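So this block is target_11.cif, mmCIF, C-alpha atoms:
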```
data_query
#
loop_
_atom_site.group_PDB
_atom_site.id
_atom_site.type_symbol
_atom_site.label_atom_id
_atom_site.label_comp_id
_atom_site.auth_asym_id
_atom_site.auth_seq_id
_atom_site.Cartn_x
_atom_site.Cartn_y
_atom_site.Cartn_z
ATOM 1 C CA MET A 60 95.398 95.788 91.635
ATOM 2 C CA ILE A 61 96.946 93.707 94.374
ATOM 3 C CA GLY A 62 97.292 89.930 94.001
ATOM 4 C CA ALA A 63 94.316 88.849 96.116
ATOM 5 C CA ASP A 64 92.082 91.415 94.426
ATOM 6 C CA ARG A 65 93.180 90.275 90.953
ATOM 7 C CA THR A 66 92.612 86.611 91.881
ATOM 8 C CA ALA A 67 89.109 87.311 93.234
ATOM 9 C CA TRP A 68 88.058 89.189 90.085
ATOM 10 C CA GLY A 69 89.522 86.405 87.928
ATOM 11 C CA MET A 70 87.426 83.820 89.775
ATOM 12 C CA ILE A 71 84.251 85.915 89.469
ATOM 13 C CA GLU A 72 84.709 86.298 85.701
ATOM 14 C CA LYS A 73 84.633 82.495 85.320
ATOM 15 C CA GLN A 74 81.158 82.085 86.822
ATOM 16 C CA SER A 75 77.791 83.848 86.966
ATOM 17 C CA VAL A 76 76.357 82.958 90.394
ATOM 18 C CA THR A 77 78.427 84.922 92.895
ATOM 19 C CA LYS A 78 78.695 88.710 92.876
ATOM 20 C CA LEU A 79 81.737 90.597 94.084
ATOM 21 C CA THR A 80 82.535 94.014 95.456
ATOM 22 C CA THR A 81 86.038 94.788 96.687
ATOM 23 C CA ILE A 82 87.037 97.552 99.071
ATOM 24 C CA LEU A 83 90.747 98.256 99.208
ATOM 25 C CA LEU A 84 92.414 100.170 101.985
ATOM 26 C CA GLY A 85 96.100 100.743 102.669
ATOM 27 C CA ALA A 86 97.148 99.948 106.221
ATOM 28 C CA ILE A 87 94.225 98.667 108.285
ATOM 29 C CA LEU A 88 94.640 99.524 111.958
ATOM 30 C CA GLY A 89 92.462 98.703 114.952
ATOM 31 C CA PRO A 90 91.551 95.821 117.227
ATOM 32 C CA ASN A 91 91.843 92.217 116.031
ATOM 33 C CA MET A 92 88.895 89.830 116.375
ATOM 34 C CA ASP A 93 91.214 86.920 117.123
ATOM 35 C CA GLU A 94 94.887 86.210 117.725
ATOM 36 C CA LYS A 95 95.790 86.150 114.026
ATOM 37 C CA ARG A 96 98.224 88.838 112.947
ATOM 38 C CA SER A 97 98.071 90.771 109.703
ATOM 39 C CA SER A 98 100.941 92.327 107.789
ATOM 40 C CA THR A 99 99.733 95.753 108.966
ATOM 41 C CA ASP A 100 100.276 94.677 112.590
ATOM 42 C CA GLN A 101 103.994 94.847 111.887
ATOM 43 C CA ILE A 102 103.898 98.658 111.687
ATOM 44 C CA PRO A 103 103.027 99.359 115.347
ATOM 45 C CA GLU A 104 104.933 96.259 116.524
ATOM 46 C CA MET A 105 108.098 97.530 114.843
ATOM 47 C CA LEU A 106 107.722 100.963 116.443
ATOM 48 C CA LEU A 107 106.910 99.532 119.890
ATOM 49 C CA LYS A 108 110.108 97.435 119.741
ATOM 50 C CA GLY A 109 112.134 100.618 119.210
ATOM 51 C CA THR A 110 113.080 99.765 115.616
ATOM 52 C CA PRO A 111 114.109 102.800 113.542
ATOM 53 C CA ARG A 112 111.409 103.692 111.039
ATOM 54 C CA PRO A 113 111.476 104.783 107.423
ATOM 55 C CA ASN A 114 110.163 108.252 106.676
ATOM 56 C CA VAL A 115 107.165 107.106 104.606
ATOM 57 C CA ILE A 116 103.469 107.894 104.338
ATOM 58 C CA TYR A 117 100.800 105.198 104.653
ATOM 59 C CA PRO A 118 97.154 105.404 103.642
ATOM 60 C CA VAL A 119 95.476 104.170 106.839
ATOM 61 C CA GLY A 120 92.011 103.374 108.059
ATOM 62 C CA ASP A 121 90.332 101.839 111.061
ATOM 63 C CA VAL A 122 89.170 98.236 110.691
ATOM 64 C CA ARG A 123 85.796 99.245 112.184
ATOM 65 C CA ASP A 124 85.269 101.818 109.417
ATOM 66 C CA LEU A 125 86.213 99.211 106.827
ATOM 67 C CA ALA A 126 83.559 96.879 108.292
ATOM 68 C CA LYS A 127 80.985 99.681 107.897
ATOM 69 C CA PHE A 128 82.019 100.118 104.238
ATOM 70 C CA HIS A 129 81.470 96.398 103.656
ATOM 71 C CA ILE A 130 77.998 96.516 105.220
ATOM 72 C CA LEU A 131 77.041 99.496 103.047
ATOM 73 C CA ALA A 132 78.282 97.650 99.961
ATOM 74 C CA MET A 133 76.265 94.528 100.844
ATOM 75 C CA LYS A 134 73.110 96.609 101.198
ATOM 76 C CA SER A 135 73.471 98.375 97.836
ATOM 77 C CA ASP A 136 72.859 96.686 94.495
ATOM 78 C CA LYS A 137 74.818 99.525 92.893
ATOM 79 C CA ALA A 138 77.975 98.202 94.593
ATOM 80 C CA ASP A 139 77.808 94.834 92.791
ATOM 81 C CA GLY A 140 80.781 94.416 90.504
ATOM 82 C CA GLN A 141 82.500 97.555 91.802
ATOM 83 C CA ARG A 142 85.991 98.064 93.145
ATOM 84 C CA PHE A 143 86.280 100.809 95.767
ATOM 85 C CA ILE A 144 89.452 102.432 97.027
ATOM 86 C CA ALA A 145 88.959 103.624 100.611
ATOM 87 C CA GLU A 146 91.535 106.055 101.935
ATOM 88 C CA PRO A 147 90.150 107.885 104.938
ATOM 89 C CA GLU A 148 93.491 109.366 105.944
ATOM 90 C CA GLU A 149 97.247 109.339 105.420
ATOM 91 C CA MET A 150 99.752 109.123 108.251
ATOM 92 C CA THR A 151 103.503 109.393 108.284
ATOM 93 C CA MET A 152 105.459 106.901 110.337
ATOM 94 C CA THR A 153 106.322 109.818 112.639
ATOM 95 C CA GLU A 154 102.599 110.413 113.250
ATOM 96 C CA VAL A 155 102.024 106.699 113.907
ATOM 97 C CA ALA A 156 104.934 106.719 116.371
ATOM 98 C CA ARG A 157 103.564 109.819 118.119
ATOM 99 C CA LEU A 158 100.128 108.192 118.439
ATOM 100 C CA LEU A 159 101.662 105.020 119.878
ATOM 101 C CA LYS A 160 103.760 107.053 122.312
ATOM 102 C CA GLU A 161 100.606 108.813 123.580
ATOM 103 C CA THR A 162 98.663 105.545 123.797
ATOM 104 C CA TYR A 163 101.470 103.524 125.424
ATOM 105 C CA PRO A 164 103.570 106.010 127.435
ATOM 106 C CA ASP A 165 105.393 103.188 129.279
ATOM 107 C CA LYS A 166 106.663 101.611 126.013
ATOM 108 C CA LYS A 167 109.834 102.568 124.185
ATOM 109 C CA VAL A 168 108.699 103.898 120.802
ATOM 110 C CA SER A 169 111.378 104.531 118.210
ATOM 111 C CA THR A 170 112.034 108.159 117.349
ATOM 112 C CA MET A 171 114.878 107.417 114.928
ATOM 113 C CA VAL A 172 114.052 107.954 111.254
ATOM 114 C CA ILE A 173 115.872 106.047 108.500
ATOM 115 C CA PRO A 174 116.613 108.424 105.597
ATOM 116 C CA ILE A 175 115.548 105.992 102.846
ATOM 117 C CA LEU A 176 116.325 108.262 99.894
ATOM 118 C CA SER A 177 119.843 109.272 100.857
ATOM 119 C CA PHE A 178 121.394 105.787 100.459
ATOM 120 C CA PRO A 179 120.455 105.219 96.780
ATOM 121 C CA LEU A 180 121.484 108.760 95.885
ATOM 122 C CA ARG A 181 124.881 108.358 97.533
ATOM 123 C CA LEU A 182 125.340 104.928 95.947
ATOM 124 C CA ASN A 183 124.537 106.353 92.509
ATOM 125 C CA TYR A 184 126.972 109.222 93.067
ATOM 126 C CA ARG A 185 129.911 106.881 93.790
ATOM 127 C CA PHE A 186 129.600 105.118 90.455
ATOM 128 C CA ARG A 187 129.572 108.190 88.205
#
```
What does the file become when written as structure tokens?
Amino acid sequence: MIGADRTAWGMIEKQSVTKLTTILLGAILGPNMDEKRSSTDQIPEMLLKGTPRPNVIYPVGDVRDLAKFHILAMKSDKADGQRFIAEPEEMTMTEVARLLKETYPDKKVSTMVIPILSFPLRLNYRFR
């Protein structure tokens, strides 16, 4: 459980009026309703700035699909008290970069990959 999820369930356990259903998704991509930024916004922003990217895989979903999941949960009594994990798809940072490059051909999108596993392995090797 992530912190906000744990806090919400802790609050619900202390009362009996409000019901709760949580829907958790990895990286939530898509249009924002306002100017507020989320932590997930940093992924495309980093790539559009040309920052080298780690070679990792993210569970991703579209914010519009997540909104549909919430509506379905509100309409179903069976969803009360449930915790759902929604993972429509996984994308590597390379795939995210490729998608951004297609969507914004005039922007410089980083193609450099940071080999995140090689540094700890080399560091460990030196101290043996």
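Compared by their closest atoms to A:Leu88, and using only C-alpha atoms, the residues A:Leu159, A:Gly62, A:Ala67, A:Ile144 rank with A:Leu159 nearest.
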### Query
Counting all atoms listed in the file, which of A:Ala63, A:Met152, A:Ile71, A:Leu79 gets nearest to A:Asp139?
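So, comparing all the options, the nearest one is A:Leu79.
Against this structure, the PyMOL selection byres ((chain A and resi 116) around 12) ends up with Gly85, Ala86, Ile102, Arg112, Pro113, Asn114, Val115, Tyr117, Pro118, Val119, Glu148, Glu149, Met150, Thr151, Met152, Thr153, Glu154 and Val155 of chain A.
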### Query
In Å to one decimal, how far is atom CA of A:Thr66 from atom CA of A:Asp136?
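Here the two named atoms are 22.3 Å from each other.
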#### Entry: Best match for closeness to A:Arg123 among A:Ser169, A:Asn91, A:Ser75, A:Thr162, counting only C-alpha atoms
A:Asn91
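Straight-line separation from atom CA of A:Thr99 to atom CA of A:Met171: 20.0 Å.
What separates atom CA of A:Thr80 from atom CA of A:Ala145 is a distance of 12.7 Å.
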### Task
Output the residue selection produced by the PyMOL selection byres ((chain A and resi 125-133) around 10) on the file above, formatted as a list in words.
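Answer for the PyMOL selection byres ((chain A and resi 125-133) around 10): Leu79, Thr80, Thr81, Ile82, Leu83, Leu84, Ile87, Leu88, Gly120, Asp121, Val122, Arg123, Asp124, Lys134, Ser135, Asp136, Lys137, Ala138, Asp139, Gln141, Phe143, Ala145, Glu146 and Pro147 of chain A.
Candidate residues A:Asp64, A:Glu161, A:Ala156, A:Val76 were compared for distance to A:Pro111, and the nearest is A:Ala156, using all atoms listed in the file.
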Let me have the centre and edge lengths in Å, one decimal, of the box along x, y and z around every listed atom of stretch 80-93 of chain A with 3 Å of margin on each side, as lines of an AutoDock Vina configuration file.
```
center_x = 89.8
center_y = 93.8
center_z = 106.3
size_x = 20.6
size_y = 19.8
size_z = 27.8
```
#### Entry: Test item: residues at most 10 Å from A:Lys167, only C-alpha atoms, excluding those fewer than 4 positions along its chain, as a list of chain:residue names
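Those residues are A:Leu106, A:Leu107, A:Lys108, A:Gly109, A:Thr110, A:Leu159, A:Lys160, A:Tyr163.
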Take the residues that were just selected and, keeping C-alpha atoms, output them as a PDB file, keeping the file's coordinate frame.
```pdb
ATOM      1  CA  LEU A 106     107.722 100.963 116.443  1.00  0.00           C
ATOM      2  CA  LEU A 107     106.910  99.532 119.890  1.00  0.00           C
ATOM      3  CA  LYS A 108     110.108  97.435 119.741  1.00  0.00           C
ATOM      4  CA  GLY A 109     112.134 100.618 119.210  1.00  0.00           C
ATOM      5  CA  THR A 110     113.080  99.765 115.616  1.00  0.00           C
ATOM      6  CA  LEU A 159     101.662 105.020 119.878  1.00  0.00           C
ATOM      7  CA  LYS A 160     103.760 107.053 122.312  1.00  0.00           C
ATOM      8  CA  TYR A 163     101.470 103.524 125.424  1.00  0.00           C
TER       9      TYR A 163
END
```
